[in-house]
$ cat target-v2.cif   # mmCIF, C-alpha atoms
data_run
loop_
_atom_site.group_PDB
_atom_site.id
_atom_site.type_symbol
_atom_site.label_atom_id
_atom_site.label_comp_id
_atom_site.auth_asym_id
_atom_site.auth_seq_id
_atom_site.Cartn_x
_atom_site.Cartn_y
_atom_site.Cartn_z
ATOM 1 C CA MET A 10 106.871 89.736 80.031
ATOM 2 C CA ASP A 11 104.936 86.569 79.192
ATOM 3 C CA THR A 12 103.836 86.349 82.860
ATOM 4 C CA LEU A 13 102.183 89.761 82.574
ATOM 5 C CA LEU A 14 100.503 88.930 79.293
ATOM 6 C CA ASP A 15 99.333 85.533 80.523
ATOM 7 C CA SER A 16 97.769 87.058 83.610
ATOM 8 C CA ARG A 17 95.975 89.721 81.566
ATOM 9 C CA ASP A 18 94.578 86.974 79.339
ATOM 10 C CA ARG A 19 93.433 85.082 82.430
ATOM 11 C CA PHE A 20 91.801 88.252 83.760
ATOM 12 C CA ARG A 21 89.828 88.853 80.559
ATOM 13 C CA HIS A 22 88.890 85.189 80.368
ATOM 14 C CA ILE A 23 87.550 84.973 83.892
ATOM 15 C CA MET A 24 85.575 88.169 83.497
ATOM 16 C CA ALA A 25 84.005 86.731 80.357
ATOM 17 C CA ASN A 26 82.924 83.257 81.392
ATOM 18 C CA LEU A 27 85.292 81.377 83.707
ATOM 19 C CA GLN A 28 85.269 80.260 87.336
ATOM 20 C CA GLY A 29 87.571 77.807 89.016
ATOM 21 C CA SER A 30 89.896 77.230 91.949
ATOM 22 C CA ARG A 31 92.868 76.264 89.731
ATOM 23 C CA LEU A 32 92.858 79.672 88.084
ATOM 24 C CA ILE A 33 92.537 81.399 91.442
ATOM 25 C CA SER A 34 95.592 79.482 92.660
ATOM 26 C CA GLU A 35 97.555 80.685 89.621
ATOM 27 C CA VAL A 36 96.442 84.253 90.297
ATOM 28 C CA ASP A 37 97.669 83.978 93.904
ATOM 29 C CA GLN A 38 101.124 83.201 92.537
ATOM 30 C CA ALA A 39 100.980 86.171 90.149
ATOM 31 C CA VAL A 40 100.008 88.498 92.994
ATOM 32 C CA SER A 41 102.906 87.276 95.111
ATOM 33 C CA ARG A 42 105.377 87.842 92.279
ATOM 34 C CA ALA A 43 104.032 91.316 91.463
ATOM 35 C CA SER A 44 104.045 92.531 95.066
ATOM 36 C CA GLY A 45 107.593 91.250 95.370
ATOM 37 C CA THR A 46 107.404 89.897 98.890
ATOM 38 C CA LEU A 47 105.422 87.221 100.695
ATOM 39 C CA PRO A 48 104.350 83.672 99.804
ATOM 40 C CA ALA A 49 100.658 82.861 99.655
ATOM 41 C CA GLU A 50 100.578 81.265 103.141
ATOM 42 C CA GLN A 51 101.930 84.395 104.799
ATOM 43 C CA MET A 52 99.557 86.586 102.772
ATOM 44 C CA ALA A 53 96.623 84.564 104.074
ATOM 45 C CA ALA A 54 97.833 85.007 107.640
ATOM 46 C CA GLU A 55 98.100 88.767 107.126
ATOM 47 C CA GLU A 56 94.620 88.958 105.656
ATOM 48 C CA ARG A 57 93.195 87.488 108.865
ATOM 49 C CA GLY A 58 94.828 90.341 110.749
ATOM 50 C CA GLY A 59 92.772 93.081 109.080
ATOM 51 C CA VAL A 60 93.880 96.365 107.539
ATOM 52 C CA ALA A 61 94.818 99.670 109.158
ATOM 53 C CA SER A 62 93.693 102.917 107.601
ATOM 54 C CA ARG A 63 94.943 105.736 109.793
ATOM 55 C CA SER A 64 98.462 106.730 108.801
ATOM 56 C CA LEU A 65 101.196 105.548 106.480
ATOM 57 C CA ALA A 66 102.987 104.032 109.449
ATOM 58 C CA HIS A 67 100.224 101.405 109.455
ATOM 59 C CA HIS A 68 100.267 100.796 105.697
ATOM 60 C CA GLN A 69 103.082 98.247 105.597
ATOM 61 C CA VAL A 70 105.490 100.580 103.785
ATOM 62 C CA SER A 71 108.944 99.071 104.091
ATOM 63 C CA PRO A 72 112.050 101.309 104.232
ATOM 64 C CA ALA A 73 113.019 99.920 100.826
ATOM 65 C CA ASP A 74 109.636 100.923 99.340
ATOM 66 C CA ALA A 75 109.901 104.382 100.882
ATOM 67 C CA ALA A 76 113.376 104.861 99.396
ATOM 68 C CA ALA A 77 112.181 103.542 96.030
ATOM 69 C CA ALA A 78 109.257 105.967 96.100
ATOM 70 C CA ARG A 79 111.563 108.915 96.655
ATOM 71 C CA ALA A 80 113.873 107.747 93.865
ATOM 72 C CA ALA A 81 110.987 107.162 91.449
ATOM 73 C CA THR A 82 109.685 110.723 91.708
ATOM 74 C CA GLY A 83 112.742 112.017 89.890
ATOM 75 C CA ARG A 84 111.734 110.293 86.639
ATOM 76 C CA LEU A 85 108.081 111.393 86.698
ATOM 77 C CA THR A 86 106.643 114.333 84.807
ATOM 78 C CA TRP A 87 103.187 115.853 84.951
ATOM 79 C CA LYS A 88 100.806 117.842 82.777
ATOM 80 C CA GLU A 89 97.977 120.067 83.951
ATOM 81 C CA LEU A 90 94.596 120.097 82.221
ATOM 82 C CA PRO A 91 92.743 123.207 83.496
ATOM 83 C CA LEU A 92 88.981 122.760 83.553
ATOM 84 C CA HIS A 93 88.404 126.478 83.983
ATOM 85 C CA GLU A 94 90.250 129.573 85.152
ATOM 86 C CA PRO A 95 91.220 129.399 88.843
ATOM 87 C CA LEU A 96 89.527 131.859 91.166
ATOM 88 C CA PHE A 97 92.875 132.796 92.689
ATOM 89 C CA ASP A 98 96.557 132.014 92.265
ATOM 90 C CA GLY A 99 97.287 128.561 93.641
ATOM 91 C CA ALA A 100 93.732 127.240 93.295
ATOM 92 C CA PHE A 101 94.335 123.770 91.879
ATOM 93 C CA GLY A 102 90.950 122.243 92.570
ATOM 94 C CA CYS A 103 89.732 123.090 89.065
ATOM 95 C CA SER A 104 92.402 121.087 87.219
ATOM 96 C CA VAL A 105 93.158 117.495 86.298
ATOM 97 C CA PHE A 106 96.795 116.408 86.387
ATOM 98 C CA GLN A 107 98.213 113.575 84.294
ATOM 99 C CA VAL A 108 101.368 111.741 85.421
ATOM 100 C CA PRO A 109 102.512 109.197 82.785
ATOM 101 C CA THR A 110 104.143 105.915 83.879
ATOM 102 C CA PHE A 111 103.266 106.585 87.516
ATOM 103 C CA ALA A 112 102.640 102.861 88.115
ATOM 104 C CA SER A 113 104.736 100.163 86.478
ATOM 105 C CA GLU A 114 103.267 97.413 84.349
ATOM 106 C CA ALA A 115 104.157 94.908 87.076
ATOM 107 C CA GLU A 116 102.269 96.945 89.677
ATOM 108 C CA CYS A 117 99.219 97.175 87.425
ATOM 109 C CA GLU A 118 99.523 93.435 86.889
ATOM 110 C CA GLY A 119 99.600 92.819 90.627
ATOM 111 C CA LEU A 120 96.439 94.841 91.257
ATOM 112 C CA ILE A 121 94.644 93.061 88.396
ATOM 113 C CA ALA A 122 95.712 89.665 89.689
ATOM 114 C CA ALA A 123 94.550 90.524 93.209
ATOM 115 C CA ALA A 124 91.142 91.536 91.880
ATOM 116 C CA VAL A 125 90.620 88.484 89.663
ATOM 117 C CA LYS A 126 89.778 85.933 92.326
ATOM 118 C CA PHE A 127 87.252 88.258 93.970
ATOM 119 C CA ALA A 128 85.710 89.213 90.637
ATOM 120 C CA ALA A 129 85.099 85.496 90.084
ATOM 121 C CA LEU A 130 82.589 85.557 92.937
ATOM 122 C CA TYR A 131 80.356 87.828 90.868
ATOM 123 C CA GLU A 132 80.323 85.673 87.747
ATOM 124 C CA GLY A 133 76.836 84.910 86.483
ATOM 125 C CA LYS A 134 75.240 87.706 88.537
ATOM 126 C CA GLY A 135 74.942 90.116 85.616
ATOM 127 C CA GLN A 136 77.007 92.892 87.195
ATOM 128 C CA SER A 137 78.672 95.183 84.677
ATOM 129 C CA LEU A 138 80.706 97.016 87.353
ATOM 130 C CA VAL A 139 82.480 95.117 90.123
ATOM 131 C CA ARG A 140 84.264 97.057 92.863
ATOM 132 C CA VAL A 141 87.007 95.133 94.686
ATOM 133 C CA PRO A 142 88.291 96.878 97.851
ATOM 134 C CA VAL A 143 92.059 96.751 98.316
ATOM 135 C CA ALA A 144 91.452 95.712 101.936
ATOM 136 C CA SER A 145 90.273 92.324 100.657
ATOM 137 C CA ASN A 146 93.802 91.232 99.705
ATOM 138 C CA SER A 147 97.100 91.672 101.539
ATOM 139 C CA ALA A 148 99.217 91.880 98.369
ATOM 140 C CA ALA A 149 96.931 94.594 96.997
ATOM 141 C CA ARG A 150 97.280 96.469 100.284
ATOM 142 C CA ARG A 151 101.054 96.461 99.911
ATOM 143 C CA LEU A 152 100.822 97.686 96.325
ATOM 144 C CA HIS A 153 98.435 100.435 97.412
ATOM 145 C CA SER A 154 100.842 101.475 100.168
ATOM 146 C CA ARG A 155 103.685 101.632 97.665
ATOM 147 C CA LEU A 156 101.637 103.824 95.312
ATOM 148 C CA LEU A 157 100.469 106.099 98.117
ATOM 149 C CA GLU A 158 104.028 106.573 99.361
ATOM 150 C CA ARG A 159 105.139 107.354 95.803
ATOM 151 C CA LEU A 160 102.314 109.837 95.325
ATOM 152 C CA LEU A 161 103.059 111.747 98.529
ATOM 153 C CA SER A 162 106.781 111.846 97.738
ATOM 154 C CA PHE A 163 105.948 113.079 94.239
ATOM 155 C CA LEU A 164 103.693 115.831 95.558
ATOM 156 C CA GLU A 165 106.349 116.996 98.006
ATOM 157 C CA SER A 166 109.172 117.102 95.458
ATOM 158 C CA GLU A 167 107.416 118.010 92.195
ATOM 159 C CA MET A 168 104.072 119.627 93.109
ATOM 160 C CA PRO A 169 104.486 121.254 96.547
ATOM 161 C CA ALA A 170 102.063 124.080 95.700
ATOM 162 C CA LEU A 171 99.321 121.543 95.016
ATOM 163 C CA ALA A 172 100.091 119.700 98.265
ATOM 164 C CA LEU A 173 100.004 122.944 100.241
ATOM 165 C CA SER A 174 96.684 123.995 98.730
ATOM 166 C CA LEU A 175 95.067 120.613 99.434
ATOM 167 C CA PHE A 176 96.584 119.469 102.720
ATOM 168 C CA GLY A 177 97.824 122.680 104.359
ATOM 169 C CA GLN A 178 101.455 121.519 104.257
ATOM 170 C CA ASP A 179 103.936 120.424 101.616
ATOM 171 C CA THR A 180 106.355 118.349 103.684
ATOM 172 C CA GLU A 181 106.060 115.271 105.917
ATOM 173 C CA LEU A 182 102.813 114.244 104.229
ATOM 174 C CA ALA A 183 103.424 110.628 105.225
ATOM 175 C CA SER A 184 103.122 111.622 108.883
ATOM 176 C CA MET A 185 99.531 112.799 108.399
ATOM 177 C CA ASN A 186 96.396 110.771 109.077
ATOM 178 C CA VAL A 187 94.757 109.426 105.938
ATOM 179 C CA SER A 188 91.069 108.613 105.459
ATOM 180 C CA TYR A 189 89.405 107.277 102.320
ATOM 181 C CA SER A 190 86.132 107.511 100.486
ATOM 182 C CA ALA A 191 83.791 104.616 101.324
ATOM 183 C CA GLY A 192 84.944 101.321 99.809
ATOM 184 C CA GLU A 193 88.300 102.708 98.678
ATOM 185 C CA PRO A 194 91.033 102.242 97.713
ATOM 186 C CA ALA A 195 89.632 99.745 95.243
ATOM 187 C CA VAL A 196 89.912 98.216 91.801
ATOM 188 C CA ASN A 197 86.857 99.007 89.687
ATOM 189 C CA ILE A 198 86.263 96.389 87.001
ATOM 190 C CA TYR A 199 84.051 97.636 84.167
ATOM 191 C CA LYS A 200 82.571 95.037 81.830
ATOM 192 C CA SER A 201 80.404 95.743 78.786
ATOM 193 C CA GLY A 202 77.761 98.262 79.853
ATOM 194 C CA GLY A 203 79.596 99.162 83.047
ATOM 195 C CA GLU A 204 79.689 102.839 83.978
ATOM 196 C CA PHE A 205 79.901 105.200 86.943
ATOM 197 C CA LYS A 206 77.457 108.120 86.745
ATOM 198 C CA PRO A 207 78.711 111.728 87.180
ATOM 199 C CA HIS A 208 79.693 112.531 90.743
ATOM 200 C CA THR A 209 82.215 114.318 92.951
ATOM 201 C CA ASP A 210 84.397 112.466 95.453
ATOM 202 C CA ASN A 211 84.408 115.160 98.167
ATOM 203 C CA GLU A 212 87.863 114.257 99.467
ATOM 204 C CA HIS A 213 91.079 116.274 99.272
ATOM 205 C CA LEU A 214 92.486 114.362 96.293
ATOM 206 C CA SER A 215 91.487 111.545 93.943
ATOM 207 C CA LEU A 216 93.903 109.213 92.155
ATOM 208 C CA LEU A 217 92.835 107.063 89.191
ATOM 209 C CA ILE A 218 95.182 104.624 87.445
ATOM 210 C CA PRO A 219 94.099 102.561 84.412
ATOM 211 C CA LEU A 220 95.467 99.059 84.856
ATOM 212 C CA ASP A 221 95.129 98.136 81.169
ATOM 213 C CA GLY A 222 95.487 100.178 78.000
ATOM 214 C CA PRO A 223 92.673 101.618 75.839
ATOM 215 C CA GLY A 224 93.080 98.756 73.362
ATOM 216 C CA ALA A 225 91.696 96.289 75.912
ATOM 217 C CA PHE A 226 88.184 97.753 75.803
ATOM 218 C CA GLY A 227 85.840 99.908 73.749
ATOM 219 C CA GLY A 228 84.114 103.049 74.973
ATOM 220 C CA GLY A 229 84.923 103.836 78.572
ATOM 221 C CA GLY A 230 87.287 106.533 79.756
ATOM 222 C CA THR A 231 86.880 109.170 82.453
ATOM 223 C CA ALA A 232 84.773 112.226 81.605
ATOM 224 C CA PHE A 233 85.222 115.623 83.262
ATOM 225 C CA TRP A 234 82.949 118.669 83.391
ATOM 226 C CA ARG A 235 83.935 122.276 83.993
ATOM 227 C CA THR A 236 80.668 123.010 85.745
ATOM 228 C CA ALA A 237 79.170 121.876 89.044
ATOM 229 C CA THR A 238 76.402 119.935 87.299
ATOM 230 C CA HIS A 239 76.143 117.779 84.209
ATOM 231 C CA ILE A 240 72.399 118.317 83.713
ATOM 232 C CA LYS A 241 71.269 120.536 80.849
ATOM 233 C CA PRO A 242 70.105 124.017 81.926
ATOM 234 C CA ASP A 243 66.567 123.513 80.595
ATOM 235 C CA VAL A 244 66.019 120.263 82.519
ATOM 236 C CA PRO A 245 64.334 120.659 85.925
ATOM 237 C CA TYR A 246 65.874 118.534 88.653
ATOM 238 C CA ASN A 247 66.404 118.307 92.381
ATOM 239 C CA MET A 248 69.766 118.105 94.127
ATOM 240 C CA LEU A 249 69.056 114.409 94.695
ATOM 241 C CA LEU A 250 68.697 113.218 91.126
ATOM 242 C CA THR A 251 66.191 110.496 90.355
ATOM 243 C CA PRO A 252 67.202 107.854 87.792
ATOM 244 C CA GLU A 253 64.804 109.469 85.304
ATOM 245 C CA GLN A 254 66.371 112.906 85.811
ATOM 246 C CA ASN A 255 69.841 111.434 85.340
ATOM 247 C CA GLU A 256 69.186 109.849 81.931
ATOM 248 C CA ARG A 257 72.065 110.368 79.508
ATOM 249 C CA ASN A 258 69.960 112.448 77.090
ATOM 250 C CA ARG A 259 69.663 115.056 79.858
ATOM 251 C CA TRP A 260 73.441 115.477 80.231
ATOM 252 C CA THR A 261 75.587 118.225 78.814
ATOM 253 C CA PRO A 262 78.565 116.853 76.862
ATOM 254 C CA PRO A 263 81.669 116.431 79.040
ATOM 255 C CA ASP A 264 84.428 118.954 78.497
ATOM 256 C CA HIS A 265 87.118 116.283 78.471
ATOM 257 C CA CYS A 266 87.222 112.505 78.157
ATOM 258 C CA LEU A 267 90.547 110.900 79.052
ATOM 259 C CA LYS A 268 91.657 107.364 78.169
ATOM 260 C CA PRO A 269 95.325 107.432 79.184
ATOM 261 C CA ALA A 270 97.888 104.700 78.821
ATOM 262 C CA LEU A 271 98.298 101.908 81.341
ATOM 263 C CA GLY A 272 99.905 103.137 84.578
ATOM 264 C CA THR A 273 99.142 106.834 84.021
ATOM 265 C CA ALA A 274 97.938 108.635 87.144
ATOM 266 C CA LEU A 275 95.038 111.070 86.963
ATOM 267 C CA LEU A 276 94.935 113.468 89.913
ATOM 268 C CA PHE A 277 92.115 115.907 90.725
ATOM 269 C CA GLY A 278 90.430 117.596 93.656
ATOM 270 C CA GLY A 279 87.310 116.356 95.370
ATOM 271 C CA ALA A 280 85.029 119.002 93.864
ATOM 272 C CA VAL A 281 85.740 118.016 90.241
ATOM 273 C CA LEU A 282 82.690 116.508 88.524
ATOM 274 C CA HIS A 283 83.603 113.313 86.680
ATOM 275 C CA ALA A 284 82.196 109.991 85.483
ATOM 276 C CA GLY A 285 83.252 106.573 84.245
ATOM 277 C CA LEU A 286 81.758 106.308 80.746
ATOM 278 C CA PRO A 287 80.102 103.057 79.585
ATOM 279 C CA VAL A 288 82.331 100.275 78.294
ATOM 280 C CA THR A 289 81.015 98.845 75.013
ATOM 281 C CA TRP A 290 83.211 95.736 74.847
ATOM 282 C CA GLY A 291 86.088 94.151 76.735
ATOM 283 C CA THR A 292 87.073 94.846 80.328
ATOM 284 C CA ARG A 293 88.409 98.045 81.866
ATOM 285 C CA PRO A 294 90.181 97.655 85.252
ATOM 286 C CA LEU A 295 90.857 100.891 87.141
ATOM 287 C CA PHE A 296 92.575 101.576 90.469
ATOM 288 C CA VAL A 297 90.716 104.289 92.397
ATOM 289 C CA MET A 298 91.725 106.078 95.582
ATOM 290 C CA SER A 299 90.039 109.214 96.953
ATOM 291 C CA PHE A 300 91.519 110.359 100.241
ATOM 292 C CA THR A 301 91.921 113.188 102.733
ATOM 293 C CA LEU A 302 95.008 113.987 104.808
ATOM 294 C CA ARG A 303 94.736 115.640 108.204
ATOM 295 C CA PRO A 304 97.414 116.595 110.732
ATOM 296 C CA CYS A 305 98.338 113.925 113.233
ATOM 297 C CA PHE A 306 98.064 115.624 116.609
ATOM 298 C CA VAL A 307 100.095 114.095 119.413
ATOM 299 C CA SER A 308 99.191 114.870 123.013
ATOM 300 C CA ARG A 309 102.064 116.033 125.185
ATOM 301 C CA GLU A 310 102.465 115.534 128.870
ATOM 302 C CA ASP A 311 103.270 118.614 130.953
#

$ encode --input "target-v2.cif" --output "structure tokens"
Amino acid sequence: MDTLLDSRDRFRHIMANLQGSRLISEVDQAVSRASGTLPAEQMAAEERGGVASRSLAHHQVSPADAAAARAATGRLTWKELPLHEPLFDGAFGCSVFQVPTFASEAECEGLIAAAVKFAALYEGKGQSLVRVPVASNSAARRLHSRLLERLLSFLESEMPALALSLFGQDTELASMNVSYSAGEPAVNIYKSGGEFKPHTDNEHLSLLIPLDGPGAFGGGGTAFWRTATHIKPDVPYNMLLTPEQNERNRWTPPDHCLKPALGTALLFGGAVLHAGLPVTWGTRPLFVMSFTLRPCFVSRED
């Protein structure tokens, strides 16, 4: 446990005012421990090889991870937060789903540790939101693959109706081609003042996982709206909002603001309007992954 706490302290420290190769070396060791596999030298070799993004077969999911993902789904529960009444039975795109303890503390630790050394590159540049793509680190790629495998297994076993409505099938999801929103999967690191304005992801499904608990920061959280726009009805605006039109005093209040515990998964469809609210103090690290699954067509010879 002290390893996890030490690394979280290092993360907050580096995001506040620290740079240095010694710390980055320590973080490399924490990443290796959290991902549970390769030494730093082998990770570096993998990083030079690039990252695949087509199907789970290319996502470095070991048989052991796949089996663990299937076993883990049996302990998970979920809760639906309807944003408004569905238009028809089985329409899940208007809901947010919460899955407590979806990611372990060690997995959250590993993603934080992987992001730390890249966040250090932005120190002193005044950025209140740093976005670290998972593709930038081999250990983070393995953790992402583990979480994706777990999510698809969970959808198949516990939420098949949701899978069917989103992907057109509720079995063999891991055999489908996966594509991601630009720059994702990623770890978003919100510092004081950091926010993500209201938007939709426009993919089949979005997964958010807070990597630290609400006590690590003030403000923040993910806001959700029932409607297709967050702008007040009496405010004129174009579809492409200007910064002036998107000032906070022109917003309607969000219908929900969620600040779940560390490791909780938030799941919602690509048409759901949401935002990352401003952090007032501390640091809020968040794993984000918006993706679409499509059938993998295989040509056959006559």

$ resolve_selection --input "target-v2.cif" --expression "the PyMOL selection byres ((chain A and resi 281-283) around 10)" --output "mmCIF file with C-alpha atoms, in the frame of the given file"
data_model
loop_
_atom_site.group_PDB
_atom_site.id
_atom_site.type_symbol
_atom_site.label_atom_id
_atom_site.label_comp_id
_atom_site.auth_asym_id
_atom_site.auth_seq_id
_atom_site.Cartn_x
_atom_site.Cartn_y
_atom_site.Cartn_z
ATOM 1 C CA LEU A 92 88.981 122.760 83.553
ATOM 2 C CA GLY A 102 90.950 122.243 92.570
ATOM 3 C CA CYS A 103 89.732 123.090 89.065
ATOM 4 C CA SER A 104 92.402 121.087 87.219
ATOM 5 C CA VAL A 105 93.158 117.495 86.298
ATOM 6 C CA PHE A 205 79.901 105.200 86.943
ATOM 7 C CA LYS A 206 77.457 108.120 86.745
ATOM 8 C CA PRO A 207 78.711 111.728 87.180
ATOM 9 C CA HIS A 208 79.693 112.531 90.743
ATOM 10 C CA THR A 209 82.215 114.318 92.951
ATOM 11 C CA ASP A 210 84.397 112.466 95.453
ATOM 12 C CA ASN A 211 84.408 115.160 98.167
ATOM 13 C CA LEU A 214 92.486 114.362 96.293
ATOM 14 C CA SER A 215 91.487 111.545 93.943
ATOM 15 C CA THR A 231 86.880 109.170 82.453
ATOM 16 C CA ALA A 232 84.773 112.226 81.605
ATOM 17 C CA PHE A 233 85.222 115.623 83.262
ATOM 18 C CA TRP A 234 82.949 118.669 83.391
ATOM 19 C CA ARG A 235 83.935 122.276 83.993
ATOM 20 C CA THR A 236 80.668 123.010 85.745
ATOM 21 C CA ALA A 237 79.170 121.876 89.044
ATOM 22 C CA THR A 238 76.402 119.935 87.299
ATOM 23 C CA HIS A 239 76.143 117.779 84.209
ATOM 24 C CA PRO A 263 81.669 116.431 79.040
ATOM 25 C CA ASP A 264 84.428 118.954 78.497
ATOM 26 C CA HIS A 265 87.118 116.283 78.471
ATOM 27 C CA CYS A 266 87.222 112.505 78.157
ATOM 28 C CA PHE A 277 92.115 115.907 90.725
ATOM 29 C CA GLY A 278 90.430 117.596 93.656
ATOM 30 C CA GLY A 279 87.310 116.356 95.370
ATOM 31 C CA ALA A 280 85.029 119.002 93.864
ATOM 32 C CA ALA A 284 82.196 109.991 85.483
ATOM 33 C CA GLY A 285 83.252 106.573 84.245
ATOM 34 C CA LEU A 286 81.758 106.308 80.746
#

$ closest_atom_pairs --input "target-v2.cif" --of "segment 156-219 of chain A" --to "segment 123-147 of chain A" --cutoff "8 Å" --atoms "only C-alpha atoms" --output "JSON lines"
{"residue": "A:Gly192", "atom": "CA", "partner": "A:Pro142", "partner_atom": "CA", "distance": 5.9}
{"residue": "A:Glu193", "atom": "CA", "partner": "A:Pro142", "partner_atom": "CA", "distance": 5.9}
{"residue": "A:Pro194", "atom": "CA", "partner": "A:Val143", "partner_atom": "CA", "distance": 5.6}
{"residue": "A:Ala195", "atom": "CA", "partner": "A:Pro142", "partner_atom": "CA", "distance": 4.1}
{"residue": "A:Val196", "atom": "CA", "partner": "A:Val141", "partner_atom": "CA", "distance": 5.1}
{"residue": "A:Asn197", "atom": "CA", "partner": "A:Arg140", "partner_atom": "CA", "distance": 4.5}
{"residue": "A:Ile198", "atom": "CA", "partner": "A:Val139", "partner_atom": "CA", "distance": 5.1}
{"residue": "A:Tyr199", "atom": "CA", "partner": "A:Leu138", "partner_atom": "CA", "distance": 4.7}
{"residue": "A:Lys200", "atom": "CA", "partner": "A:Ser137", "partner_atom": "CA", "distance": 4.8}
{"residue": "A:Ser201", "atom": "CA", "partner": "A:Ser137", "partner_atom": "CA", "distance": 6.2}
{"residue": "A:Gly202", "atom": "CA", "partner": "A:Ser137", "partner_atom": "CA", "distance": 5.8}
{"residue": "A:Gly203", "atom": "CA", "partner": "A:Ser137", "partner_atom": "CA", "distance": 4.4}
{"residue": "A:Glu204", "atom": "CA", "partner": "A:Leu138", "partner_atom": "CA", "distance": 6.8}

$ atom_distance --input "target-v2.cif" --atom1 "atom CA of Leu276 of chain A" --atom2 "atom CA of Arg259 of chain A"
27.2 Å

$ atom_distance --input "target-v2.cif" --atom1 "atom CA of Cys117 of chain A" --atom2 "atom CA of Gly272 of chain A"
6.6 Å

$ atom_distance --input "target-v2.cif" --atom1 "atom CA of Ser299 of chain A" --atom2 "atom CA of Leu216 of chain A"
6.2 Å

$ resolve_selection --input "target-v2.cif" --expression "the PyMOL selection byres ((chain A and resi 160-165) around 6)" --output "list in words"
Arg79, Thr82, Leu157, Glu158, Arg159, Ser166, Glu167, Met168, Pro169, Ala172, Asp179 and Thr180 of chain A

$ residues_near_point --input "target-v2.cif" --point "(106.8, 107.2, 86.8)" --cutoff "8 Å" --atoms "all atoms listed in the file" --output "number ranges by chain"
A: 81-82, 84-86, 108-113

$ residues_around --input "target-v2.cif" --residues "Leu271 of chain A" --least-positions-apart "6" --cutoff "6 Å" --atoms "all atoms listed in the file" --output "MDAnalysis selection string"
chainID A and resid 219:222

$ closest_residue --input "target-v2.cif" --among "A:Ala170, A:Leu295, A:Leu249, A:Ala191" --to "Glu118 of chain A" --atoms "only C-alpha atoms"
A:Leu295

$ resolve_selection --input "target-v2.cif" --expression "the PyMOL selection byres ((chain A and resi 152) around 8)" --output "list in words"
Ser44, Glu116, Gly119, Leu120, Ala148, Ala149, Arg150, Arg151, His153, Ser154, Arg155 and Leu156 of chain A

$ closest_residue --input "target-v2.cif" --among "A:Glu89, A:Ala115, A:Thr289, A:Pro223" --to "Lys268 of chain A" --atoms "only C-alpha atoms"
A:Pro223

$ closest_residue --input "target-v2.cif" --among "A:Gly228, A:Phe300, A:Thr273, A:Asn255" --to "Pro287 of chain A" --atoms "all atoms listed in the file"
A:Gly228
